[in-house]
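Beneath this line is the structure, given in structure tokens, with notes to follow.
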Amino acid sequence: MSKKIWVHAEVADGKLLNVTFELLSKAHELAEALGKDTVVETTLLGSELEEEARRLAEWGAETVYLVDDPDLQMYSPVTYVPVLAGLATSHGPDIWLFGATAVGSTLGPAVAARLKTGMAAHCVDLRINEGGKLSAYVPSFGGKVIGEILCPDRTPQMASVKPAIFVKKDPVPVKGRIEKQDLSAWKGKLGTGTLKPVNVVRRPPQGMPLNEAEVVVCGGFGVGSRENWQLLEELARYLNGATACTRPPVDEGWSGEYCMVGTSGQSIRPKVYIGFGISGATHHICGMNEAGVVISVNRDEEAPIFQVSDFRVAADVNSILPLLIEAVRPKT
Ligand SMILES: Cc1cc2nc3c(=O)[nH]c(=O)nc-3n(C[C@H](O)[C@H](O)[C@H](O)COP(=O)(O)OP(=O)(O)OC[C@H]3O[C@@H](n4cnc5c(N)ncnc54)[C@H](O)[C@@H]3O)c2cc1C
């Protein structure tokens, strides 16, 4: 019997998120490892999504299970969880991948619980092991080790992966078809109580978006103070780049969580990454190891970040930051 790998396709403002295509690319890699008769399919829920469903079918989804209804315009667990769990019960996917986005991180585990299966969250890699099962890799123990998570006895084997962990490859030429499902088929099975959007408030972007910046200046605990953090931001501005951070600067209140890089933050691929006072924990590295050129400043010559750096500067942030700013400050 053919195996099925599903990708839950996520949309925002009616458009498919990039992470969907990244997961589809990975799903095709996994399908190749599982054997020729493995199919890659997607689930897509929302409103007025016919065009996006066609994009998926042209891009590499052999079947797109589309549930299109005005009541699904905004994500709500009350509707999305029973519908997705119902689709899985009817069609029996072996593997199901979700984006570890704000929605995917709550939706995926809720669907997994409904199906009485497990879900590996925030994976940094996915492979098919010798037994033909999904091996999901997740940083563990403060990022010191990468744990291999298995769900050998239940299906679907589920995993979530953050945006930009996998690369979006070229579309896979398949003859995709759209299988429309009517929301009324779930009548009586949907949760009670409906969530209706009253108002959507968008947070205005702060500085240059991290995923668009060619240069990222990233600070860690070694930056040492709020005053130094301002110097870091000044440097990023002069380099026409964005500021990013590790977890401790968020805890210290020097920086916001929106610019944290790593397993619980964003994954970035700038042309140049300059890290200041960062030790190099796996939780952070897995969000920046696809950067082009990595330059690191750390006063500890043995800092693990140096192992993934192209240029290593063993120096004190306090002495090097002002010098760098002086060097790049526009001359008036
Ligand atoms: C479930 C979980 C999820 C996590 N997710 C993330 C995540 O998404 N992103 C993330 O970043 N972290 C995350 N973390 C935290 C992560 O494990 C590390 O604790 C964190 O990345 C360490 O940040 P750091 O390198 O800035 O600080 P530290 O590890 O404290 O390192 C500071 C470095 O600065 C150097 N230094 C100190 N003073 C100076 C100076 N004056 N000049 C030069 N160098 C100096 C030191 O030598 C040291 O190497 C997570 C942790 C857990 C448990």
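A note on labels: chains of the structure tokens are A, B, ... as shown, every chain counts residues from 1, and ligands are counted from 1 in their shown order.
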Query raised in the report: Counting only C-alpha atoms, what is within 12 Å of Leu56 (chain A), bar same-chain residues fewer than 2 positions away, as number ranges by chain?
Result: A: 7-11, 15-18, 20-21, 23-25, 40-44, 49-54, 58-66, 171-178
Requested in this report: Would you mind listing the residues within 9 Å of ligand 1, counting only C-alpha atoms and all ligand atoms, as a PyMOL selection string?
Outcome: chain A and resi 139-144+219-224+245-249+260-267+276-287+297-305+314-320
Requested in this report: Using only C-alpha atoms, find the one residue out of A:Gly104, A:Gly207, A:Gly253, A:Gly99 that sits nearest to Arg226 (chain A).
Outcome: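 So, comparing all the options, the nearest one is A:Gly253.
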Query raised in the report: Which of region 74-316 of chain A counts as alpha helix (DSSP H) under DSSP, as a ChimeraX atom specification please?
Result: /A:77-91,104-114,226-238,247-252,282-285
**Report entry** Point-to-point distance in Å for CA of Gly241 (chain A) and CA of Arg203 (chain A)
**Finding:**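 Straight-line distance from CA of Arg203 (chain A) to CA of Gly241 (chain A) works out to 20.3 Å.
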